[in-house]
$ cat query-v9.csv   # CSV, C-alpha atoms and all ligand atoms
chain,number,residue,atom,x,y,z
A,12,MET,CA,68.0,97.9,77.0
A,13,PRO,CA,67.9,94.2,76.4
A,14,ILE,CA,64.7,92.8,74.8
A,15,ARG,CA,63.2,89.6,76.1
A,16,ALA,CA,60.7,87.4,74.3
A,17,VAL,CA,59.2,83.9,74.8
A,18,SER,CA,57.7,81.4,72.5
A,19,THR,CA,56.6,77.7,72.2
A,20,PRO,CA,56.8,74.9,69.6
A,21,ASN,CA,53.9,74.0,67.3
A,22,ILE,CA,52.6,70.7,65.9
A,23,ALA,CA,51.9,70.6,62.2
A,24,LEU,CA,48.6,69.2,60.9
A,25,ILE,CA,49.6,69.8,57.3
A,26,LYS,CA,53.3,69.4,57.1
A,27,TYR,CA,56.0,71.7,55.8
A,28,TRP,CA,58.4,69.6,53.8
A,29,GLY,CA,60.6,70.8,51.0
A,30,ASN,CA,61.6,74.3,49.9
A,31,ARG,CA,61.7,76.2,46.7
A,32,ASN,CA,64.6,78.2,48.1
A,33,GLU,CA,66.7,76.5,50.8
A,34,GLU,CA,68.8,79.5,51.7
A,35,LEU,CA,65.8,81.7,52.4
A,36,ARG,CA,63.6,78.9,53.7
A,37,LEU,CA,60.9,79.7,51.1
A,38,PRO,CA,58.6,76.6,51.3
A,39,ALA,CA,57.5,74.6,48.3
A,40,ALA,CA,53.9,74.3,49.7
A,41,ASP,CA,51.5,75.6,52.3
A,42,SER,CA,51.4,74.1,55.8
A,43,LEU,CA,49.3,74.5,59.0
A,44,SER,CA,49.8,73.9,62.7
A,45,MET,CA,48.5,74.3,66.1
A,46,THR,CA,50.7,76.4,68.5
A,47,LEU,CA,51.4,74.6,71.8
A,48,ASP,CA,51.2,76.4,75.2
A,49,GLN,CA,54.4,74.7,76.5
A,50,PRO,CA,57.3,74.1,76.9
A,51,THR,CA,58.6,77.6,76.6
A,52,VAL,CA,61.8,79.0,75.2
A,53,GLU,CA,62.9,82.5,76.4
A,54,VAL,CA,65.4,84.7,74.6
A,55,VAL,CA,67.2,87.9,75.7
A,56,VAL,CA,68.8,90.0,73.0
A,57,SER,CA,71.1,93.0,73.7
A,58,GLN,CA,73.0,95.3,71.4
A,59,SER,CA,76.6,94.4,71.1
A,60,GLU,CA,79.8,95.0,69.2
A,61,ARG,CA,79.9,91.6,67.7
A,62,PHE,CA,77.5,88.7,67.4
A,63,SER,CA,77.5,86.1,70.2
A,64,ALA,CA,75.0,83.5,71.3
A,65,ARG,CA,74.7,81.4,74.5
A,66,SER,CA,72.2,78.7,75.3
A,67,PHE,CA,71.0,77.5,78.7
A,68,GLU,CA,69.1,74.4,79.8
A,69,LYS,CA,66.1,74.3,82.2
A,70,ASN,CA,68.3,74.2,85.3
A,71,ASP,CA,70.4,77.2,84.0
A,72,THR,CA,73.4,75.1,83.1
A,73,GLU,CA,75.0,76.3,79.9
A,74,ARG,CA,74.8,74.1,76.9
A,75,PRO,CA,77.7,75.0,74.6
A,76,LEU,CA,76.5,75.7,71.1
A,77,SER,CA,78.1,73.9,68.2
A,78,VAL,CA,79.9,75.8,65.4
A,79,LYS,CA,76.9,74.9,63.1
A,80,GLU,CA,74.3,76.2,65.6
A,81,ASN,CA,76.3,79.4,66.2
A,82,ALA,CA,76.6,80.0,62.4
A,83,ARG,CA,72.8,79.4,62.0
A,84,LEU,CA,72.0,82.0,64.7
A,85,GLU,CA,74.4,84.6,63.3
A,86,ARG,CA,73.1,84.1,59.8
A,87,HIS,CA,69.5,84.5,61.0
A,88,PHE,CA,70.5,87.8,62.7
A,89,LEU,CA,72.1,89.0,59.4
A,90,LEU,CA,69.1,88.0,57.3
A,91,ALA,CA,66.7,89.6,59.8
A,92,LYS,CA,68.7,92.8,59.6
A,93,LYS,CA,68.7,92.6,55.8
A,94,TYR,CA,64.9,92.1,55.7
A,95,LEU,CA,64.3,95.1,58.0
A,96,ASP,CA,66.7,97.1,55.9
A,97,ASN,CA,64.8,96.1,52.7
A,98,ILE,CA,61.5,97.3,54.2
A,99,GLY,CA,63.1,100.5,55.3
A,100,VAL,CA,62.9,100.1,59.1
A,101,ALA,CA,66.4,99.0,60.1
A,102,GLY,CA,67.4,102.4,61.5
A,103,ALA,CA,67.2,101.5,65.2
A,104,PHE,CA,68.3,97.9,64.7
A,105,PRO,CA,71.6,97.1,66.3
A,106,ALA,CA,74.7,96.5,64.2
A,107,SER,CA,75.2,93.3,66.1
A,108,ALA,CA,73.7,91.5,69.1
A,109,SER,CA,74.3,89.2,71.9
A,110,VAL,CA,71.7,86.5,72.3
A,111,GLU,CA,70.8,84.3,75.3
A,112,ILE,CA,68.5,81.4,74.8
A,113,ARG,CA,66.9,79.6,77.8
A,114,SER,CA,65.0,76.5,76.8
A,115,ASN,CA,62.5,74.8,79.0
A,116,ILE,CA,62.1,72.0,76.5
A,117,PRO,CA,63.1,68.8,78.3
A,118,LYS,CA,65.8,66.9,76.5
A,119,GLY,CA,64.6,63.9,74.5
A,120,ILE,CA,60.9,64.7,74.5
A,121,GLY,CA,61.0,64.7,70.7
A,122,LEU,CA,59.9,68.3,70.4
A,123,ALA,CA,62.3,70.4,68.3
A,124,SER,CA,63.3,73.7,69.8
A,125,SER,CA,64.0,75.5,66.6
A,126,ALA,CA,60.4,76.8,66.0
A,127,ALA,CA,60.2,78.2,69.5
A,128,VAL,CA,63.8,79.6,69.4
A,129,PHE,CA,63.5,81.4,66.1
A,130,SER,CA,60.0,82.8,66.7
A,131,ALA,CA,61.2,84.1,70.1
A,132,LEU,CA,64.2,85.7,68.4
A,133,ALA,CA,62.1,87.2,65.7
A,134,GLU,CA,59.9,88.7,68.4
A,135,ALA,CA,62.9,90.1,70.2
A,136,TYR,CA,64.5,91.5,67.0
A,137,GLY,CA,61.2,93.0,66.1
A,138,GLY,CA,61.3,94.8,69.4
A,139,PHE,CA,64.1,97.1,68.2
A,140,VAL,CA,61.9,98.4,65.5
A,141,ASN,CA,58.6,100.3,65.8
A,142,ASN,CA,55.3,98.9,64.7
A,143,LEU,CA,56.3,95.8,62.8
A,144,SER,CA,53.3,93.7,61.7
A,145,ARG,CA,52.7,90.2,62.9
A,146,ARG,CA,53.3,89.1,59.3
A,147,ASP,CA,56.8,90.8,59.4
A,148,ILE,CA,57.6,89.0,62.6
A,149,SER,CA,56.6,85.7,61.0
A,150,ILE,CA,58.9,86.5,58.1
A,151,LEU,CA,61.8,87.2,60.5
A,152,ALA,CA,61.0,83.8,62.3
A,153,ARG,CA,60.9,81.9,59.0
A,154,LEU,CA,64.4,83.2,58.1
A,155,GLY,CA,65.7,81.1,61.0
A,156,SER,CA,63.4,78.0,60.7
A,157,GLY,CA,60.4,77.6,58.4
A,158,SER,CA,58.0,76.2,61.0
A,159,ALA,CA,59.0,79.0,63.4
A,160,SER,CA,56.9,81.4,61.2
A,161,ARG,CA,53.8,79.6,62.6
A,162,SER,CA,54.7,79.8,66.3
A,163,VAL,CA,54.4,83.6,66.0
A,164,PHE,CA,50.6,83.2,66.1
A,165,GLY,CA,48.5,81.7,68.8
A,166,GLY,CA,45.8,79.1,68.1
A,167,PHE,CA,46.0,77.7,64.6
A,168,SER,CA,48.2,79.2,61.9
A,169,ALA,CA,49.0,78.6,58.2
A,170,PHE,CA,52.5,79.0,56.7
A,171,VAL,CA,51.5,80.4,53.3
A,172,VAL,CA,53.6,79.4,50.3
A,173,GLY,CA,53.6,82.9,48.8
A,174,GLU,CA,55.2,83.9,45.5
A,175,GLY,CA,58.6,85.0,44.4
A,176,GLU,CA,62.2,84.6,45.7
A,177,GLU,CA,62.5,87.6,48.0
A,178,LEU,CA,63.3,87.6,51.7
A,179,GLY,CA,59.6,88.4,52.4
A,180,SER,CA,58.1,86.1,49.9
A,181,ALA,CA,56.5,83.6,52.4
A,182,TYR,CA,54.9,84.2,55.8
A,183,ALA,CA,52.4,82.8,58.3
A,184,GLU,CA,48.9,84.0,59.2
A,185,GLN,CA,46.4,83.1,61.9
A,186,ILE,CA,43.6,80.8,61.0
A,187,ALA,CA,41.8,80.7,64.3
A,188,PRO,CA,42.7,82.3,67.7
A,189,VAL,CA,43.7,80.4,70.9
A,190,GLY,CA,40.3,80.1,72.4
A,191,HIS,CA,38.6,78.9,69.2
A,192,TRP,CA,38.8,75.1,69.8
A,193,LYS,CA,40.1,73.4,72.9
A,194,LEU,CA,42.4,70.7,71.6
A,195,TRP,CA,45.2,68.9,73.3
A,196,ASP,CA,48.5,67.3,72.2
A,197,VAL,CA,49.5,64.2,74.1
A,198,ILE,CA,53.0,63.4,73.1
A,199,ILE,CA,54.5,59.9,73.3
A,200,VAL,CA,58.2,59.6,72.8
A,201,PRO,CA,59.3,56.1,72.1
A,202,SER,CA,63.0,56.8,71.5
A,203,GLN,CA,65.4,59.5,72.7
A,204,GLU,CA,68.0,58.6,70.1
A,205,GLU,CA,69.2,61.7,68.3
A,206,LYS,CA,68.1,61.8,64.7
A,207,LYS,CA,70.8,61.5,62.0
A,208,THR,CA,69.3,63.9,59.5
A,209,GLY,CA,67.8,67.2,60.8
A,210,SER,CA,64.9,69.0,59.1
A,211,THR,CA,67.1,71.5,57.3
A,212,GLU,CA,69.1,68.7,55.5
A,213,GLY,CA,65.8,66.7,55.1
A,214,HIS,CA,64.0,69.5,53.3
A,215,ALA,CA,66.8,69.6,50.7
A,216,LEU,CA,66.2,65.9,49.9
A,217,ALA,CA,62.4,66.2,49.3
A,218,ARG,CA,62.8,66.7,45.5
A,219,THR,CA,64.7,63.4,45.2
A,220,SER,CA,61.5,61.5,45.9
A,221,SER,CA,59.3,60.7,42.9
A,222,LEU,CA,56.3,61.2,45.2
A,223,PHE,CA,57.1,64.8,45.9
A,224,GLU,CA,55.5,66.3,42.8
A,225,ALA,CA,52.2,64.5,43.6
A,226,ARG,CA,52.4,65.8,47.2
A,227,LEU,CA,52.8,69.3,45.9
A,228,ARG,CA,49.7,68.9,43.7
A,229,ASP,CA,47.6,67.6,46.7
A,230,VAL,CA,48.7,70.0,49.5
A,231,PRO,CA,46.5,73.0,48.4
A,232,ARG,CA,43.3,70.7,48.6
A,233,ARG,CA,44.4,69.4,52.0
A,234,GLN,CA,45.3,72.8,53.4
A,235,LYS,CA,41.8,74.0,52.4
A,236,GLU,CA,40.1,71.0,54.0
A,237,CYS,CA,42.2,71.5,57.2
A,238,ILE,CA,41.3,75.2,57.4
A,239,GLU,CA,37.6,74.3,56.9
A,240,ALA,CA,37.8,71.5,59.6
A,241,ILE,CA,39.3,73.9,62.1
A,242,ARG,CA,36.8,76.7,61.3
A,243,GLU,CA,33.9,74.3,61.6
A,244,LYS,CA,35.4,72.4,64.5
A,245,ASP,CA,34.8,69.2,62.6
A,246,PHE,CA,37.2,66.7,64.3
A,247,GLY,CA,36.4,63.8,61.9
A,248,LYS,CA,37.4,65.9,58.9
A,249,LEU,CA,40.6,67.2,60.7
A,250,GLN,CA,41.6,63.6,61.6
A,251,LYS,CA,41.2,62.4,58.0
A,252,VAL,CA,43.2,65.2,56.4
A,253,ALA,CA,45.9,65.4,59.0
A,254,GLU,CA,46.6,61.7,59.0
A,255,GLU,CA,46.6,61.6,55.2
A,256,ASP,CA,49.1,64.4,55.1
A,257,CYS,CA,51.4,63.0,57.8
A,258,LEU,CA,51.6,59.6,56.0
A,259,ASP,CA,52.1,61.3,52.7
A,260,MET,CA,55.1,63.4,54.1
A,261,HIS,CA,56.6,60.2,55.6
A,262,ALA,CA,56.2,58.4,52.2
A,263,VAL,CA,58.1,61.3,50.6
A,264,MET,CA,60.8,61.0,53.3
A,265,MET,CA,61.1,57.3,52.9
A,266,SER,CA,61.4,57.4,49.1
A,267,SER,CA,64.1,60.1,49.1
A,268,THR,CA,67.7,59.4,48.2
A,269,PRO,CA,69.1,58.6,50.7
A,270,PRO,CA,65.8,57.4,52.4
A,271,LEU,CA,64.8,59.2,55.6
A,272,ARG,CA,63.3,56.8,58.0
A,273,TYR,CA,62.1,58.8,61.0
A,274,LEU,CA,59.5,56.4,62.3
A,275,ASN,CA,60.4,53.2,64.1
A,276,ASP,CA,58.6,50.0,65.0
A,277,GLU,CA,57.2,51.5,68.3
A,278,THR,CA,55.7,54.5,66.3
A,279,HIS,CA,53.9,52.1,64.0
A,280,ARG,CA,52.7,50.0,67.0
A,281,ILE,CA,51.4,53.1,68.9
A,282,VAL,CA,49.6,54.3,65.7
A,283,ARG,CA,47.9,50.9,65.3
A,284,ASP,CA,46.9,50.7,68.9
A,285,ILE,CA,45.4,54.2,69.0
A,286,GLU,CA,43.4,53.4,65.8
A,287,GLU,CA,42.0,50.4,67.5
A,288,LEU,CA,41.2,52.3,70.7
A,289,ARG,CA,39.5,55.2,69.0
A,290,THR,CA,37.3,52.8,67.0
A,291,ARG,CA,36.4,50.9,70.1
A,292,GLU,CA,35.7,53.9,72.3
A,293,HIS,CA,34.7,56.4,69.6
A,294,LEU,CA,37.4,58.9,70.6
A,295,ALA,CA,38.1,62.2,68.9
A,296,VAL,CA,41.8,61.7,68.6
A,297,LEU,CA,44.2,61.8,65.6
A,298,TYR,CA,47.9,60.9,65.3
A,299,THR,CA,50.7,62.8,63.6
A,300,MET,CA,54.5,62.5,63.5
A,301,ASP,CA,57.1,65.1,62.5
A,302,ALA,CA,60.7,64.3,61.6
A,303,GLY,CA,61.2,61.7,64.4
A,304,PRO,CA,59.5,58.6,66.0
A,305,THR,CA,57.5,60.8,68.5
A,306,VAL,CA,53.7,60.3,68.2
A,307,HIS,CA,51.5,63.4,68.7
A,308,LEU,CA,48.0,62.5,69.7
A,309,VAL,CA,45.9,65.5,69.1
A,310,CYS,CA,42.5,65.2,70.7
A,311,GLU,CA,39.3,66.9,71.8
A,312,GLU,CA,38.9,67.5,75.6
A,313,SER,CA,36.2,64.7,75.8
A,314,ALA,CA,38.9,62.2,74.6
A,315,LEU,CA,41.7,63.5,76.9
A,316,PRO,CA,41.3,61.1,79.9
A,317,ALA,CA,41.3,58.0,77.6
A,318,VAL,CA,44.3,59.3,75.6
A,319,GLN,CA,46.2,60.2,78.7
A,320,ALA,CA,45.6,56.7,80.1
A,321,PHE,CA,46.7,55.2,76.8
A,322,ALA,CA,49.9,57.3,76.8
A,323,HIS,CA,50.7,56.4,80.5
A,324,ALA,CA,50.4,52.7,79.6
A,325,GLN,CA,53.1,52.9,77.0
A,326,LYS,CA,56.1,51.1,78.5
A,327,GLY,CA,59.5,52.7,78.1
A,328,CYS,CA,58.1,55.9,76.6
A,329,ILE,CA,58.2,59.4,77.8
A,330,MET,CA,54.9,61.3,77.9
A,331,PHE,CA,54.3,65.0,77.7
A,332,GLU,CA,51.2,67.0,77.3
A,333,ALA,CA,50.4,70.5,76.0
A,334,GLY,CA,47.3,72.6,75.3
A,335,ILE,CA,46.9,75.3,72.6
A,336,GLY,CA,49.1,78.4,73.2
A,337,GLY,CA,49.1,82.1,72.4
A,338,GLY,CA,52.2,82.3,70.2
A,339,SER,CA,55.4,84.3,70.6
A,340,ARG,CA,55.4,87.5,72.6
A,341,ARG,CA,57.7,90.1,74.0
A,342,VAL,CA,57.9,90.2,77.8
A,343,TRP,CA,59.0,92.9,80.2
A,344,PRO,CA,61.1,93.3,82.3
A,345,SER,CA,64.0,91.5,80.8
A,346,TYR,CA,65.0,88.1,82.1
A,347,GLN,CA,67.6,89.4,84.5
A,348,GLN,CA,65.2,91.9,86.0
A,349,SER,CA,62.4,89.4,86.4
A,350,HIS,CA,64.9,87.1,88.0
A,351,LEU,CA,65.6,89.7,90.6
A,352,TRP,CA,61.9,90.4,91.0
A,353,HIS,CA,61.4,86.8,91.8
A,354,LEU,CA,64.1,87.0,94.5
A,355,TYR,CA,62.3,90.0,96.1
A,356,LYS,CA,58.8,88.5,96.0
A,401,LIG,C1,58.6,67.6,59.7
A,401,LIG,O1,60.9,74.1,60.3
A,401,LIG,O2,62.2,72.3,61.4
A,401,LIG,O3,58.4,69.2,61.5
A,401,LIG,O4,63.4,75.4,58.4
A,401,LIG,O5,65.1,73.6,58.5
A,401,LIG,O6,64.2,74.6,60.7
A,401,LIG,P1,63.9,74.3,59.2
A,401,LIG,O7,62.8,73.1,59.2
A,401,LIG,P2,61.6,72.9,60.2
A,401,LIG,O8,60.8,71.8,59.4
A,401,LIG,C2,59.7,71.2,60.0
A,401,LIG,C3,59.4,69.9,59.4
A,401,LIG,C4,58.3,69.1,60.1
A,401,LIG,C5,56.9,69.5,59.6
A,401,LIG,C6,56.4,70.8,60.1
A,401,LIG,O9,56.6,71.2,61.2
A,401,LIG,O10,55.6,71.4,59.3

$ encode --input "query-v9.csv" --output "structure tokens"
Amino acid sequence: MPIRAVSTPNIALIKYWGNRNEELRLPAADSLSMTLDQPTVEVVVSQSERFSARSFEKNDTERPLSVKENARLERHFLLAKKYLDNIGVAGAFPASASVEIRSNIPKGIGLASSAAVFSALAEAYGGFVNNLSRRDISILARLGSGSASRSVFGGFSAFVVGEGEELGSAYAEQIAPVGHWKLWDVIIVPSQEEKKTGSTEGHALARTSSLFEARLRDVPRRQKECIEAIREKDFGKLQKVAEEDCLDMHAVMMSSTPPLRYLNDETHRIVRDIEELRTREHLAVLYTMDAGPTVHLVCEESALPAVQAFAHAQKGCIMFEAGIGGGSRRVWPSYQQSHLWHLYK
């Protein structure tokens, strides 16, 4: 019986950047994010003789996977199997699998799909085994993409640095559930150019920056402040710590060898303009950027109309909007069946 699962991306407020173990994606520090409610990625996993993966776009056209993408997906499957074996529950887990990925993430909106894809896959793989904990699912997700561990939970979740060098040595946990605080992410995409260095390669360069050690010393304090800000729903505190951390991560990126320049002139202009607007109109809005020029404007509901208007006024930019989501979950019936259901409705 195929297993179907869905998930969504997340936006980091304290950034995950740098690993202590690249192979196992064991992070060098804590991080924290808010899970988005869209766009969704859906996966269907079936038992199979040998591993295969296919990927489809929103309109159901197949997007051929590169050799590298295929290898990453297969390696993730093997690591997931190994982890389930280590904790003694791999009995019912298939020897191999065929994987179908359907992404609703529009091309070029500057939202990476890996967090949604690997958390959905973790959810589906977990479906072959009885009673896995949410922590175990987050570990399975992390084995494919570090930030995917956070999309397993709804609301706000922390990727905990953990200790040791084992497969299960780092995981995510929920900080606050989806209904806790109604925030929005208004996403402004100034450039659709594909980035030259992906996150996986970028993480491996973090230690070449002389600023990285200072970052590692500061993250625990920021993580604590961010958790407090979320629990207390203190937007001012959240804004201060999230922006500080975002700029610090980009300083590390830019001072790496070779330098990683993910932000462009438009990013800097948008950031300056939103700073001005929020001072003028006293808006509860903060900016944050991941490994690309896309600006995420996270705001309280009271600021949403003004932030939307600001985003719409950005010439030549794509705009996208998401609320807070519930995290990855298994869904029944499988995609094929639900597709038929849809026809009969
Ligand atoms: C800048 O989770 O994308 O978005 O494990 O190689 O897939 P991989 O890295 P990834 O790194 C995320 C980097 C970031 C910050 C963040 O989301 O915390």

$ closest_atom_pairs --input "query-v9.csv" --of "range 146-250 of chain A" --to "range 266-282 of chain A" --cutoff "7 Å" --atoms "only C-alpha atoms" --output "Markdown table"
| residue | atom | partner | partner_atom | distance |
| --- | --- | --- | --- | --- |
| A:Pro201 | CA | A:Glu277 | CA | 6.3 |
| A:Leu216 | CA | A:Ser267 | CA | 6.2 |
| A:Ala217 | CA | A:Ser267 | CA | 6.3 |
| A:Thr219 | CA | A:Ser267 | CA | 5.1 |
| A:Ser220 | CA | A:Ser267 | CA | 4.4 |

$ closest_residue --input "query-v9.csv" --among "A:Leu24, A:Leu84, A:Ile186, A:Ile285" --to "Thr299 in chain A" --atoms "all atoms listed in the file"
A:Leu24

$ closest_atom_pairs --input "query-v9.csv" --of "range 230-293 of chain A" --to "range 222-225 of chain A" --cutoff "10 Å" --atoms "all atoms listed in the file" --output "tab-separated table"
residue	atom	partner	partner_atom	distance
A:Val230	CA	A:Ala225	CA	8.8
A:Asp259	CA	A:Leu222	CA	8.6
A:Met260	CA	A:Phe223	CA	8.6
A:Ala262	CA	A:Leu222	CA	7.5
A:Val263	CA	A:Leu222	CA	5.7
A:Met264	CA	A:Phe223	CA	9.1
A:Met265	CA	A:Leu222	CA	9.9
A:Ser266	CA	A:Leu222	CA	7.5
A:Ser267	CA	A:Leu222	CA	8.8

$ closest_atom_pairs --input "query-v9.csv" --of "chain A" --to "ligand LIG 401 (chain A)" --cutoff "6 Å" --atoms "all atoms listed in the file" --output "CSV"
residue,atom,partner,partner_atom,distance
A:Ala23,CA,A:LIG401,O10,4.8
A:Lys26,CA,A:LIG401,O10,3.8
A:Tyr27,CA,A:LIG401,O10,3.5
A:Trp28,CA,A:LIG401,C3,5.7
A:Arg36,CA,A:LIG401,O4,5.9
A:Ser125,CA,A:LIG401,O6,6.0
A:Ser156,CA,A:LIG401,O4,3.5
A:Gly157,CA,A:LIG401,O4,3.7
A:Ser158,CA,A:LIG401,O1,3.6
A:Ser210,CA,A:LIG401,O7,4.6
A:Thr211,CA,A:LIG401,O5,3.1
A:Asp301,CA,A:LIG401,C1,4.0
A:Ala302,CA,A:LIG401,C1,4.3

$ residues_near_point --input "query-v9.csv" --point "(53.8, 70.2, 45.9)" --cutoff "6 Å" --atoms "all atoms listed in the file" --output "list in words"
Ala40, Glu224, Arg226, Leu227 and Arg228 of chain A

$ atom_distance --input "query-v9.csv" --atom1 "CA of Lys193 in chain A" --atom2 "CA of Thr46 in chain A"
11.9 Å

$ closest_residue --input "query-v9.csv" --among "A:His261, A:Val56, A:Glu255, A:Gly303" --to "Glu205 in chain A" --atoms "all atoms listed in the file"
A:Gly303

$ atom_distance --input "query-v9.csv" --atom1 "CA of Leu308 in chain A" --atom2 "CA of Trp195 in chain A"
7.9 Å

$ atom_distance --input "query-v9.csv" --atom1 "CA of Asp196 in chain A" --atom2 "CA of Arg113 in chain A"
22.8 Å

$ closest_residue --input "query-v9.csv" --among "A:Leu258, A:Ser160, A:Val140, A:Gly165" --to "Lys92 in chain A" --atoms "all atoms listed in the file"
A:Val140
